[in-house]
$ cat start-v5.csv   # CSV, C-alpha atoms and all ligand atoms
chain,number,residue,atom,x,y,z
A,1,MET,CA,1.4,-9.3,-37.4
A,2,ALA,CA,-1.4,-11.4,-35.8
A,3,ASP,CA,-1.1,-9.1,-32.8
A,4,LEU,CA,-1.9,-5.9,-34.6
A,5,ASP,CA,-5.1,-4.1,-34.0
A,6,ILE,CA,-5.9,-3.4,-37.6
A,7,ASP,CA,-8.7,-0.8,-36.9
A,8,PHE,CA,-6.2,1.2,-34.8
A,9,TYR,CA,-3.1,1.1,-37.1
A,10,GLU,CA,-4.5,0.9,-40.6
A,11,SER,CA,-7.2,3.5,-40.5
A,12,GLU,CA,-7.4,5.2,-43.9
A,13,ASP,CA,-8.4,8.5,-42.2
A,14,PRO,CA,-5.5,11.0,-42.4
A,15,ILE,CA,-6.8,12.9,-39.4
A,16,TRP,CA,-4.8,10.9,-36.9
A,17,ASN,CA,-1.4,12.0,-35.8
A,18,PRO,CA,1.2,9.5,-36.9
A,19,ALA,CA,2.6,9.7,-33.4
A,20,LEU,CA,-0.3,7.4,-32.3
A,21,LEU,CA,1.6,4.6,-34.0
A,22,ALA,CA,3.9,4.6,-31.0
A,23,ILE,CA,1.0,3.3,-28.9
A,24,PRO,CA,1.0,-0.5,-28.9
A,25,MET,CA,-2.0,-2.7,-28.7
A,26,PRO,CA,-2.0,-3.3,-24.9
A,27,GLY,CA,-1.3,-7.0,-24.3
A,28,ILE,CA,-3.4,-6.8,-21.1
A,29,ARG,CA,-6.5,-5.6,-22.9
A,30,LYS,CA,-6.2,-8.2,-25.5
A,31,MET,CA,-6.0,-11.0,-23.0
A,32,VAL,CA,-8.8,-9.6,-20.7
A,33,ASN,CA,-11.1,-9.0,-23.7
A,34,LEU,CA,-10.6,-12.6,-24.8
A,35,ALA,CA,-11.1,-13.9,-21.3
A,36,SER,CA,-14.4,-11.9,-21.1
A,37,THR,CA,-15.8,-14.2,-23.8
A,38,MET,CA,-15.0,-17.3,-21.9
A,39,ASN,CA,-16.4,-19.1,-18.9
A,40,ASP,CA,-14.7,-20.1,-15.7
A,41,VAL,CA,-11.6,-17.9,-16.2
A,42,ILE,CA,-9.1,-17.4,-13.3
A,43,HIS,CA,-7.4,-14.1,-13.6
A,44,LEU,CA,-3.7,-13.8,-12.7
A,45,SER,CA,-3.8,-10.7,-14.8
A,46,ILE,CA,-5.1,-8.0,-12.4
A,47,GLY,CA,-3.2,-4.8,-12.1
A,48,GLN,CA,-5.0,-3.3,-9.1
A,49,PRO,CA,-5.6,-4.3,-5.5
A,50,ASP,CA,-8.6,-6.7,-5.0
A,51,LEU,CA,-9.4,-5.4,-1.5
A,52,PRO,CA,-12.1,-2.7,-1.0
A,53,ALA,CA,-10.9,0.8,-0.2
A,54,PRO,CA,-10.9,1.6,3.6
A,55,THR,CA,-14.3,2.7,4.9
A,56,HIS,CA,-13.1,6.1,6.2
A,57,VAL,CA,-11.8,6.9,2.8
A,58,VAL,CA,-15.1,6.1,1.1
A,59,GLU,CA,-16.9,8.1,3.8
A,60,ALA,CA,-14.7,11.1,3.3
A,61,THR,CA,-15.6,11.0,-0.4
A,62,VAL,CA,-19.3,10.9,0.3
A,63,ASP,CA,-18.9,13.6,2.9
A,64,ALA,CA,-17.1,15.9,0.5
A,65,LEU,CA,-19.8,15.4,-2.1
A,66,ARG,CA,-22.5,16.2,0.4
A,67,ALA,CA,-20.6,19.2,1.6
A,68,GLY,CA,-20.7,20.6,-2.0
A,69,GLN,CA,-17.1,19.9,-2.9
A,70,THR,CA,-17.9,19.4,-6.5
A,71,GLY,CA,-16.0,22.3,-8.1
A,72,TYR,CA,-12.4,22.7,-9.3
A,73,THR,CA,-9.6,22.8,-6.7
A,74,MET,CA,-6.6,25.0,-7.1
A,75,ASP,CA,-4.6,23.9,-10.2
A,76,ALA,CA,-1.7,22.5,-8.1
A,77,GLY,CA,-4.2,20.5,-6.0
A,78,LEU,CA,-6.4,20.8,-3.0
A,79,PRO,CA,-4.3,22.9,-0.5
A,80,GLU,CA,-5.2,20.5,2.4
A,81,LEU,CA,-4.0,17.6,0.4
A,82,LEU,CA,-0.7,19.3,-0.6
A,83,GLU,CA,-0.1,20.1,3.1
A,84,GLU,CA,-0.8,16.5,4.1
A,85,LEU,CA,1.4,15.1,1.4
A,86,ALA,CA,4.3,17.4,2.3
A,87,ALA,CA,4.0,16.4,6.0
A,88,TYR,CA,3.6,12.7,5.2
A,89,TYR,CA,6.7,12.6,2.9
A,90,GLY,CA,8.6,14.8,5.3
A,91,ASN,CA,8.0,12.3,8.1
A,92,ARG,CA,8.6,9.2,6.0
A,93,TYR,CA,11.9,10.2,4.5
A,94,GLN,CA,13.1,12.9,7.0
A,95,ARG,CA,13.3,15.5,4.3
A,96,SER,CA,11.5,18.8,4.3
A,97,LEU,CA,9.1,19.3,1.5
A,98,LEU,CA,6.9,22.3,0.8
A,99,PRO,CA,3.4,22.1,-0.8
A,100,GLU,CA,5.1,24.0,-3.7
A,101,ASN,CA,7.2,20.8,-4.4
A,102,ILE,CA,4.0,18.9,-5.2
A,103,LEU,CA,1.5,18.7,-8.0
A,104,VAL,CA,-1.7,16.7,-7.6
A,105,THR,CA,-2.6,14.8,-10.7
A,106,THR,CA,-5.3,12.5,-12.1
A,107,GLY,CA,-3.6,9.4,-10.9
A,108,ALA,CA,0.1,8.6,-11.3
A,109,THR,CA,-0.8,8.1,-15.0
A,110,GLU,CA,-1.2,11.8,-15.5
A,111,ALA,CA,2.0,12.5,-13.6
A,112,ILE,CA,3.9,10.0,-15.8
A,113,TYR,CA,2.4,11.6,-18.8
A,114,LEU,CA,3.4,15.1,-17.7
A,115,ALA,CA,6.9,14.1,-16.8
A,116,LEU,CA,7.7,12.2,-19.9
A,117,THR,CA,6.0,14.3,-22.5
A,118,SER,CA,7.3,17.6,-21.1
A,119,THR,CA,10.9,16.3,-21.4
A,120,SER,CA,10.9,14.0,-24.4
A,121,ALA,CA,12.0,15.5,-27.7
A,122,PRO,CA,13.8,14.4,-30.8
A,123,GLY,CA,17.5,13.6,-30.1
A,124,ARG,CA,16.9,12.9,-26.4
A,125,GLU,CA,17.4,9.5,-24.9
A,126,PHE,CA,15.7,7.9,-21.9
A,127,ILE,CA,17.2,5.0,-20.1
A,128,VAL,CA,14.5,2.5,-19.1
A,129,PRO,CA,14.8,-0.9,-17.5
A,130,ASP,CA,13.3,-3.7,-19.7
A,131,PRO,CA,10.8,-5.1,-18.7
A,132,CYS,CA,8.9,-2.1,-17.4
A,133,PHE,CA,5.4,-0.6,-17.1
A,134,MET,CA,4.1,-0.3,-20.6
A,135,LEU,CA,3.3,3.5,-20.5
A,136,TYR,CA,6.8,4.8,-20.5
A,137,ALA,CA,8.3,3.9,-23.9
A,138,PRO,CA,5.3,4.9,-26.0
A,139,LEU,CA,5.0,8.3,-24.3
A,140,ILE,CA,8.7,8.9,-24.9
A,141,ARG,CA,8.6,7.8,-28.5
A,142,MET,CA,5.4,9.8,-29.3
A,143,ASN,CA,7.2,12.9,-28.5
A,144,GLY,CA,10.3,12.1,-30.6
A,145,GLY,CA,12.6,10.8,-27.9
A,146,SER,CA,14.2,7.4,-27.9
A,147,VAL,CA,14.5,4.6,-25.4
A,148,LYS,CA,17.7,2.9,-24.4
A,149,SER,CA,16.6,-0.3,-22.7
A,150,ILE,CA,18.5,-2.0,-19.9
A,151,PRO,CA,17.4,-5.7,-19.8
A,152,THR,CA,17.0,-7.4,-16.5
A,153,ARG,CA,16.6,-11.1,-15.9
A,154,ALA,CA,14.6,-13.5,-13.6
A,155,GLU,CA,17.7,-15.3,-12.5
A,156,PHE,CA,19.0,-12.1,-10.9
A,157,ASN,CA,15.5,-11.2,-9.4
A,158,HIS,CA,15.3,-8.6,-12.2
A,159,GLN,CA,17.7,-6.4,-10.3
A,160,LEU,CA,19.2,-3.5,-12.2
A,161,ASP,CA,23.0,-3.2,-12.4
A,162,PRO,CA,23.6,0.5,-11.5
A,163,GLN,CA,26.9,0.4,-13.4
A,164,GLU,CA,25.1,-0.7,-16.5
A,165,VAL,CA,22.8,2.2,-16.2
A,166,ILE,CA,25.7,4.6,-15.6
A,167,ASP,CA,27.5,3.2,-18.6
A,168,ALA,CA,24.5,3.8,-20.8
A,169,MET,CA,24.5,7.5,-20.0
A,170,ASP,CA,25.9,9.8,-22.6
A,171,GLN,CA,25.5,13.3,-23.9
A,172,ASN,CA,22.1,12.5,-25.3
A,173,THR,CA,20.6,11.1,-22.1
A,174,CYS,CA,17.8,13.2,-20.8
A,175,ALA,CA,16.4,11.0,-18.0
A,176,VAL,CA,16.5,7.6,-16.4
A,177,VAL,CA,13.1,6.1,-15.6
A,178,LEU,CA,12.9,3.9,-12.5
A,179,ASN,CA,10.0,2.0,-11.1
A,180,SER,CA,10.6,0.3,-7.8
A,181,PRO,CA,8.8,-1.9,-6.8
A,182,SER,CA,8.4,-2.7,-10.4
A,183,ASN,CA,5.4,-3.6,-12.4
A,184,PRO,CA,5.8,-6.3,-13.9
A,185,THR,CA,8.6,-7.9,-11.8
A,186,GLY,CA,7.9,-6.9,-8.2
A,187,THR,CA,11.6,-6.1,-7.8
A,188,VAL,CA,12.7,-3.5,-5.3
A,189,TYR,CA,16.0,-1.8,-6.0
A,190,PRO,CA,18.3,-1.6,-3.0
A,191,ARG,CA,19.5,1.7,-1.7
A,192,GLU,CA,23.0,1.3,-3.2
A,193,THR,CA,21.4,1.0,-6.7
A,194,ILE,CA,19.2,4.0,-6.3
A,195,GLU,CA,22.0,6.1,-4.7
A,196,ALA,CA,24.5,5.3,-7.4
A,197,ILE,CA,22.1,6.1,-10.2
A,198,VAL,CA,20.7,9.3,-8.6
A,199,GLU,CA,24.2,10.6,-7.8
A,200,GLU,CA,25.7,10.0,-11.2
A,201,ALA,CA,22.6,11.4,-12.9
A,202,ALA,CA,22.6,14.6,-10.8
A,203,TYR,CA,26.4,15.0,-11.6
A,204,ARG,CA,25.7,14.8,-15.3
A,205,GLY,CA,22.5,16.9,-15.2
A,206,ILE,CA,20.3,14.0,-16.1
A,207,TYR,CA,16.8,13.6,-14.5
A,208,VAL,CA,15.7,10.6,-12.6
A,209,ILE,CA,11.9,10.1,-13.1
A,210,SER,CA,10.8,7.6,-10.4
A,211,ASP,CA,7.5,5.9,-10.5
A,212,GLU,CA,6.8,4.8,-6.9
A,213,VAL,CA,3.2,3.8,-7.0
A,214,TYR,CA,3.9,0.6,-5.1
A,215,ASP,CA,6.0,2.3,-2.4
A,216,HIS,CA,3.9,0.8,0.4
A,217,LEU,CA,3.8,-2.7,-1.0
A,218,ILE,CA,7.2,-3.7,0.4
A,219,TYR,CA,7.5,-7.1,2.1
A,220,ASP,CA,9.5,-8.7,4.9
A,221,ASP,CA,9.7,-5.4,6.9
A,222,LYS,CA,12.3,-3.9,4.5
A,223,THR,CA,12.6,-0.1,4.5
A,224,TYR,CA,11.8,1.4,1.1
A,225,PRO,CA,14.6,3.3,-0.6
A,226,SER,CA,12.7,6.0,-2.4
A,227,VAL,CA,14.5,8.3,-4.7
A,228,LEU,CA,13.4,11.0,-2.3
A,229,SER,CA,15.5,9.4,0.4
A,230,CYS,CA,18.6,9.1,-1.9
A,231,CYS,CA,18.9,12.5,-3.5
A,232,SER,CA,20.7,15.5,-1.9
A,233,ASP,CA,18.3,18.0,-3.6
A,234,LEU,CA,15.3,17.8,-5.9
A,235,ASP,CA,17.0,19.5,-8.8
A,236,HIS,CA,17.2,16.4,-11.0
A,237,VAL,CA,14.4,14.2,-9.8
A,238,MET,CA,10.7,13.8,-10.3
A,239,VAL,CA,9.0,11.3,-8.0
A,240,ILE,CA,5.6,10.0,-8.8
A,241,SER,CA,3.1,8.1,-6.7
A,242,SER,CA,-0.7,7.8,-6.1
A,243,PHE,CA,-3.4,6.5,-3.8
A,244,SER,CA,-4.3,3.8,-6.3
A,245,LYS,CA,-2.4,0.8,-4.9
A,246,THR,CA,-1.8,1.8,-1.3
A,247,PHE,CA,-5.4,2.5,-0.5
A,248,SER,CA,-7.2,0.5,-3.2
A,249,MET,CA,-8.3,3.8,-4.8
A,250,ALA,CA,-7.4,3.1,-8.4
A,251,GLY,CA,-10.7,4.3,-9.8
A,252,MET,CA,-10.6,7.5,-7.7
A,253,ARG,CA,-7.8,8.8,-9.8
A,254,VAL,CA,-5.6,10.9,-7.5
A,255,GLY,CA,-1.8,10.9,-7.8
A,256,TRP,CA,1.0,13.4,-7.5
A,257,LEU,CA,4.4,14.4,-8.7
A,258,ILE,CA,7.2,15.7,-6.4
A,259,ALA,CA,10.0,17.8,-7.8
A,260,SER,CA,11.8,21.1,-7.4
A,261,GLN,CA,9.6,24.2,-7.1
A,262,GLY,CA,10.8,25.4,-10.5
A,263,ALA,CA,9.8,22.1,-12.2
A,264,ILE,CA,6.4,22.1,-10.4
A,265,LYS,CA,5.7,25.6,-11.7
A,266,LYS,CA,6.3,24.4,-15.3
A,267,LEU,CA,4.4,21.2,-14.9
A,268,ARG,CA,1.5,23.0,-13.2
A,269,ARG,CA,0.9,25.1,-16.3
A,270,TYR,CA,1.1,22.0,-18.5
A,271,HIS,CA,-1.3,20.2,-16.1
A,272,MET,CA,-3.9,23.1,-16.6
A,273,PHE,CA,-3.7,22.3,-20.3
A,274,THR,CA,-4.3,18.6,-19.9
A,275,THR,CA,-6.7,17.7,-17.1
A,276,THR,CA,-7.1,21.1,-15.3
A,277,VAL,CA,-7.3,19.5,-11.8
A,278,ALA,CA,-7.7,16.1,-10.2
A,279,ASN,CA,-11.1,14.9,-8.9
A,280,THR,CA,-12.1,17.1,-6.0
A,281,PRO,CA,-14.1,14.8,-3.7
A,282,CYS,CA,-11.4,12.1,-4.2
A,283,GLN,CA,-8.7,14.6,-3.2
A,284,TRP,CA,-10.6,14.9,0.1
A,285,ALA,CA,-10.6,11.1,0.3
A,286,GLY,CA,-6.8,11.3,-0.1
A,287,VAL,CA,-6.6,13.7,2.9
A,288,ALA,CA,-8.5,11.1,5.0
A,289,ALA,CA,-6.3,8.3,3.7
A,290,LEU,CA,-3.1,10.1,4.8
A,291,LYS,CA,-4.6,11.1,8.2
A,292,GLY,CA,-6.1,7.8,9.0
A,293,GLU,CA,-4.7,4.7,10.7
A,294,ARG,CA,-2.2,2.5,9.0
A,295,THR,CA,-4.1,-0.7,9.8
A,296,PHE,CA,-5.5,-0.9,6.3
A,297,VAL,CA,-2.0,-1.0,4.7
A,298,ASP,CA,-0.6,-3.4,7.4
A,299,GLY,CA,-3.5,-5.8,6.8
A,300,MET,CA,-3.0,-5.6,3.0
A,301,LEU,CA,0.7,-6.3,3.4
A,302,GLU,CA,0.1,-9.3,5.5
A,303,GLU,CA,-2.4,-10.7,3.0
A,304,TYR,CA,-0.1,-10.0,0.0
A,305,THR,CA,2.9,-11.5,1.8
A,306,ARG,CA,1.0,-14.8,2.3
A,307,ARG,CA,0.0,-14.8,-1.4
A,308,ARG,CA,3.5,-14.0,-2.5
A,309,ASN,CA,5.0,-16.8,-0.5
A,310,ARG,CA,2.5,-19.3,-1.8
A,311,LEU,CA,3.0,-18.1,-5.4
A,312,VAL,CA,6.8,-18.5,-5.1
A,313,GLU,CA,6.2,-22.2,-4.0
A,314,LEU,CA,3.8,-22.9,-6.8
A,315,VAL,CA,6.0,-21.3,-9.5
A,316,ASP,CA,8.8,-23.4,-8.2
A,317,GLN,CA,6.8,-26.6,-8.7
A,318,THR,CA,5.8,-25.6,-12.3
A,319,PRO,CA,7.7,-27.1,-15.1
A,320,TYR,CA,9.4,-24.6,-17.5
A,321,LEU,CA,8.8,-21.6,-15.2
A,322,SER,CA,11.8,-20.0,-13.5
A,323,GLY,CA,10.7,-17.8,-10.6
A,324,TYR,CA,12.3,-15.8,-7.8
A,325,LYS,CA,11.1,-14.1,-4.7
A,326,PRO,CA,9.8,-10.6,-5.5
A,327,ASP,CA,10.2,-8.0,-2.7
A,328,GLY,CA,7.3,-5.7,-3.6
A,329,ALA,CA,4.1,-4.9,-5.6
A,330,PHE,CA,1.9,-7.9,-6.4
A,331,TYR,CA,3.6,-9.3,-9.5
A,332,MET,CA,6.1,-12.0,-10.4
A,333,PHE,CA,7.7,-12.2,-13.9
A,334,PRO,CA,8.9,-15.8,-14.2
A,335,ALA,CA,11.0,-16.7,-17.2
A,336,LEU,CA,10.0,-19.4,-19.8
A,337,PRO,CA,12.9,-21.3,-21.5
A,338,GLU,CA,14.8,-19.1,-23.9
A,339,GLY,CA,13.1,-18.8,-27.3
A,340,ILE,CA,9.7,-20.0,-26.1
A,341,ASN,CA,7.1,-17.5,-27.3
A,342,GLY,CA,5.4,-16.0,-24.2
A,343,ASN,CA,2.5,-14.6,-26.4
A,344,ASN,CA,1.7,-18.2,-27.5
A,345,VAL,CA,2.0,-19.6,-24.0
A,346,ALA,CA,-0.2,-17.0,-22.4
A,347,LEU,CA,-2.8,-17.3,-25.2
A,348,ARG,CA,-2.8,-21.2,-25.1
A,349,LEU,CA,-2.9,-21.1,-21.3
A,350,LEU,CA,-6.0,-19.0,-21.4
A,351,LYS,CA,-7.7,-21.0,-24.2
A,352,GLU,CA,-6.8,-24.4,-22.9
A,353,THR,CA,-6.9,-24.0,-19.1
A,354,GLY,CA,-8.9,-20.8,-18.6
A,355,VAL,CA,-6.0,-19.1,-16.6
A,356,CYS,CA,-5.4,-15.5,-17.7
A,357,THR,CA,-1.7,-14.3,-17.4
A,358,ILE,CA,0.0,-11.6,-19.4
A,359,SER,CA,2.7,-12.3,-21.9
A,360,GLY,CA,6.1,-10.8,-21.0
A,361,GLN,CA,6.3,-9.1,-24.4
A,362,THR,CA,3.7,-6.5,-23.2
A,363,PHE,CA,6.4,-5.1,-20.9
A,364,GLY,CA,9.5,-5.0,-23.2
A,365,ASP,CA,11.3,-6.2,-26.2
A,366,SER,CA,13.7,-8.4,-24.3
A,367,CYS,CA,10.8,-10.2,-22.5
A,368,GLY,CA,9.4,-12.5,-25.2
A,369,SER,CA,10.0,-15.6,-23.1
A,370,ALA,CA,8.2,-14.6,-19.9
A,371,LEU,CA,4.8,-14.3,-18.2
A,372,ARG,CA,3.5,-11.7,-15.8
A,373,ILE,CA,1.6,-13.3,-12.9
A,374,SER,CA,-0.4,-11.0,-10.6
A,375,TYR,CA,-1.3,-12.2,-7.1
A,376,SER,CA,-3.9,-9.6,-6.6
A,377,THR,CA,-6.4,-12.3,-6.1
A,378,SER,CA,-7.2,-14.8,-3.2
A,379,ILE,CA,-4.9,-17.6,-2.3
A,380,ASP,CA,-7.7,-20.0,-3.2
A,381,ARG,CA,-7.8,-18.6,-6.7
A,382,ILE,CA,-4.0,-18.7,-7.0
A,383,GLU,CA,-4.0,-22.3,-6.0
A,384,ALA,CA,-6.9,-23.2,-8.3
A,385,ALA,CA,-5.0,-21.5,-11.2
A,386,PHE,CA,-1.9,-23.6,-10.5
A,387,GLU,CA,-3.9,-26.8,-10.3
A,388,ARG,CA,-4.5,-26.1,-14.0
A,389,ILE,CA,-1.2,-24.6,-15.0
A,390,ILE,CA,1.2,-27.3,-13.5
A,391,PRO,CA,-0.3,-30.3,-15.4
A,392,TRP,CA,-0.6,-28.2,-18.6
A,393,MET,CA,3.0,-27.2,-18.5
A,394,ALA,CA,4.0,-30.8,-17.7
A,395,LYS,CA,2.5,-31.8,-21.1
A,396,GLN,CA,4.4,-29.2,-23.1
A,397,ASP,CA,7.7,-29.9,-24.9
A,398,PHE,CA,9.6,-26.6,-24.4
A,399,ALA,CA,13.0,-28.1,-24.0
A,401,LIG,C1,4.0,1.1,-12.3
A,401,LIG,C2,2.7,1.8,-12.4
A,401,LIG,N1,2.7,3.1,-12.5
A,401,LIG,C3,1.6,3.8,-12.6
A,401,LIG,C4,0.4,3.1,-12.6
A,401,LIG,C5,-0.9,3.9,-12.8
A,401,LIG,O1,-1.3,4.4,-11.5
A,401,LIG,P1,-2.6,5.3,-11.3
A,401,LIG,O2,-3.8,4.4,-11.1
A,401,LIG,O3,-2.3,6.1,-10.1
A,401,LIG,O4,-2.7,6.2,-12.5
A,401,LIG,C6,0.3,1.7,-12.5
A,401,LIG,C7,-1.0,1.0,-12.6
A,401,LIG,O5,-1.0,-0.2,-12.8
A,401,LIG,C8,1.6,1.0,-12.4
A,401,LIG,O6,1.6,-0.3,-12.3

$ encode --input "start-v5.csv" --output "structure tokens" --more "lines below"
Ligand SMILES: Cc1ncc(COP(=O)(O)O)c(C=O)c1O
Amino acid sequence: MADLDIDFYESEDPIWNPALLAIPMPGIRKMVNLASTMNDVIHLSIGQPDLPAPTHVVEATVDALRAGQTGYTMDAGLPELLEELAAYYGNRYQRSLLPENILVTTGATEAIYLALTSTSAPGREFIVPDPCFMLYAPLIRMNGGSVKSIPTRAEFNHQLDPQEVIDAMDQNTCAVVLNSPSNPTGTVYPRETIEAIVEEAAYRGIYVISDEVYDHLIYDDKTYPSVLSCCSDLDHVMVISSFSKTFSMAGMRVGWLIASQGAIKKLRRYHMFTTTVANTPCQWAGVAALKGERTFVDGMLEEYTRRRNRLVELVDQTPYLSGYKPDGAFYMFPALPEGINGNNVALRLLKETGVCTISGQTFGDSCGSALRISYSTSIDRIEAAFERIIPWMAKQDFA
């Protein structure tokens, strides 16, 4: 109960739709708000890249504004961006896509919102890995659908067992939600996992909704098995991504959804009734990002790989934390000993050492004994954080 946001949940005002009760108090906000009242905090809580956006992207935004690109675009998105995205995905995954397969949205967040709320309804079930990005379950539940969680574990690098997902499918299953690389675990599902799930889902008429916002943050030169490269057609998939993580453009709010032309037609109308269109100058910035050099992404990958490797070593040296080597994104989700309350640990760590992590519980019901650590901060800061965490953990009695 101590975690509840009383103002939000216990309002006497009957105006509010009871569906809002499905929205949890975001664990991230709570920690970051508390941290903002403290001095000398080291954040391992950040969910966005810490590098500045590439100069040519910023310049394209300013150029678009100066050129008077301040009106609405077409509802599906800026035609130039749709063309660029179709060409870019076509090249990357050797599959032909038309601009009509794409809808440009206000960040991946709007695409997730459209995908989940246009399919969720009472009696429909969604299979979702646990832990997962915290938006999915509330959006499903707000619209009457239910969530069937598939727990994953640090000792198996938070990999998903495809057979477990397939066994969870039944006549009520509406969709499987995937997020690879995952926030909060950094896990990348191998091609066999994606193929097995996508194939069985298509056979049964179940959708796969795939959140691929970290699709460029893949380490060790591995190729990325996107759902788009594992499906024979687009009839039962919705693939979501954005510029937020790949080009450090989170605040510019441009994302997209890729699906069959029929699905895009439906979602396009819904999109007009939600946000109308995405930000126009930033869609031009997206065109520049896709057309530009890959040096920005390569540099970012190099930097995050160094940080990831250092974090793996540091977690290894930390009493009571069981880590693993994440293959993507910029998160690790180490386990605490079973039964140890991650909320308390994250809160005490912040109050007693000034290091801000996020409790595992924020990302799923099976994750009470875990922490999310983000390495979207410099190696120096990561090392400074562990100079505080390691001695603090050594003093605990979590056995
Ligand atoms: C897995 C995942 N999906 C979607 C988003 C939101 O992305 P966007 O900024 O494009 O809305 C985030 C942001 O943290 C995320 O981690």

$ residues_around --input "start-v5.csv" --residues "segment 73-81 of chain A" --least-positions-apart "3" --cutoff "10 Å" --atoms "only C-alpha atoms" --output "PyMOL selection string"
chain A and resi 69-70+84-87+99-105+254+256+264-265+267-269+271-272+275-281+283-288+290

$ write_last_selection --input "start-v5.csv" --atoms "C-alpha atoms" --output "PDB file, keeping the file's coordinate frame"
ATOM      1  CA  GLN A  69     -17.100  19.900  -2.900  1.00  0.00           C
ATOM      2  CA  THR A  70     -17.900  19.400  -6.500  1.00  0.00           C
ATOM      3  CA  GLU A  84      -0.800  16.500   4.100  1.00  0.00           C
ATOM      4  CA  LEU A  85       1.400  15.100   1.400  1.00  0.00           C
ATOM      5  CA  ALA A  86       4.300  17.400   2.300  1.00  0.00           C
ATOM      6  CA  ALA A  87       4.000  16.400   6.000  1.00  0.00           C
ATOM      7  CA  PRO A  99       3.400  22.100  -0.800  1.00  0.00           C
ATOM      8  CA  GLU A 100       5.100  24.000  -3.700  1.00  0.00           C
ATOM      9  CA  ASN A 101       7.200  20.800  -4.400  1.00  0.00           C
ATOM     10  CA  ILE A 102       4.000  18.900  -5.200  1.00  0.00           C
ATOM     11  CA  LEU A 103       1.500  18.700  -8.000  1.00  0.00           C
ATOM     12  CA  VAL A 104      -1.700  16.700  -7.600  1.00  0.00           C
ATOM     13  CA  THR A 105      -2.600  14.800 -10.700  1.00  0.00           C
ATOM     14  CA  VAL A 254      -5.600  10.900  -7.500  1.00  0.00           C
ATOM     15  CA  TRP A 256       1.000  13.400  -7.500  1.00  0.00           C
ATOM     16  CA  ILE A 264       6.400  22.100 -10.400  1.00  0.00           C
ATOM     17  CA  LYS A 265       5.700  25.600 -11.700  1.00  0.00           C
ATOM     18  CA  LEU A 267       4.400  21.200 -14.900  1.00  0.00           C
ATOM     19  CA  ARG A 268       1.500  23.000 -13.200  1.00  0.00           C
ATOM     20  CA  ARG A 269       0.900  25.100 -16.300  1.00  0.00           C
ATOM     21  CA  HIS A 271      -1.300  20.200 -16.100  1.00  0.00           C
ATOM     22  CA  MET A 272      -3.900  23.100 -16.600  1.00  0.00           C
ATOM     23  CA  THR A 275      -6.700  17.700 -17.100  1.00  0.00           C
ATOM     24  CA  THR A 276      -7.100  21.100 -15.300  1.00  0.00           C
ATOM     25  CA  VAL A 277      -7.300  19.500 -11.800  1.00  0.00           C
ATOM     26  CA  ALA A 278      -7.700  16.100 -10.200  1.00  0.00           C
ATOM     27  CA  ASN A 279     -11.100  14.900  -8.900  1.00  0.00           C
ATOM     28  CA  THR A 280     -12.100  17.100  -6.000  1.00  0.00           C
ATOM     29  CA  PRO A 281     -14.100  14.800  -3.700  1.00  0.00           C
ATOM     30  CA  GLN A 283      -8.700  14.600  -3.200  1.00  0.00           C
ATOM     31  CA  TRP A 284     -10.600  14.900   0.100  1.00  0.00           C
ATOM     32  CA  ALA A 285     -10.600  11.100   0.300  1.00  0.00           C
ATOM     33  CA  GLY A 286      -6.800  11.300  -0.100  1.00  0.00           C
ATOM     34  CA  VAL A 287      -6.600  13.700   2.900  1.00  0.00           C
ATOM     35  CA  ALA A 288      -8.500  11.100   5.000  1.00  0.00           C
ATOM     36  CA  LEU A 290      -3.100  10.100   4.800  1.00  0.00           C
TER      37      LEU A 290
END

$ residues_near_ligand --input "start-v5.csv" --ligand "ligand LIG 401 (chain A)" --cutoff "10 Å" --atoms "all atoms listed in the file" --output "VMD selection string"
chain A and resid 46 to 49 105 to 113 132 to 136 178 to 184 186 210 to 214 240 to 246 248 to 256 329 to 331

$ closest_atom_pairs --input "start-v5.csv" --of "segment 101-206 of chain A" --to "segment 13-36 of chain A" --cutoff "10 Å" --atoms "all atoms listed in the file" --output "JSON lines"
{"residue": "A:Met134", "atom": "CA", "partner": "A:Pro26", "partner_atom": "CA", "distance": 8.0}
{"residue": "A:Leu135", "atom": "CA", "partner": "A:Ile23", "partner_atom": "CA", "distance": 8.7}
{"residue": "A:Ala137", "atom": "CA", "partner": "A:Ala22", "partner_atom": "CA", "distance": 8.4}
{"residue": "A:Pro138", "atom": "CA", "partner": "A:Ala22", "partner_atom": "CA", "distance": 5.2}
{"residue": "A:Leu139", "atom": "CA", "partner": "A:Ala22", "partner_atom": "CA", "distance": 7.7}
{"residue": "A:Ile140", "atom": "CA", "partner": "A:Ala22", "partner_atom": "CA", "distance": 8.9}
{"residue": "A:Arg141", "atom": "CA", "partner": "A:Ala22", "partner_atom": "CA", "distance": 6.2}
{"residue": "A:Met142", "atom": "CA", "partner": "A:Ala19", "partner_atom": "CA", "distance": 5.0}
{"residue": "A:Asn143", "atom": "CA", "partner": "A:Ala19", "partner_atom": "CA", "distance": 7.4}
{"residue": "A:Gly144", "atom": "CA", "partner": "A:Ala19", "partner_atom": "CA", "distance": 8.5}

$ closest_residue --input "start-v5.csv" --among "A:Cys356, A:Val62, A:Ala289, A:Ile390" --to "Gln317 of chain A" --atoms "only C-alpha atoms"
A:Ile390

$ atom_distance --input "start-v5.csv" --atom1 "atom CA of Asp221 of chain A" --atom2 "atom CA of Val315 of chain A"
23.1 Å

$ closest_residue --input "start-v5.csv" --among "A:Thr305, A:Gln94, A:Ser376, A:Ser232" --to "Tyr203 of chain A" --atoms "all atoms listed in the file"
A:Ser232

$ atom_distance --input "start-v5.csv" --atom1 "atom CA of Glu155 of chain A" --atom2 "atom CA of Thr187 of chain A"
12.0 Å
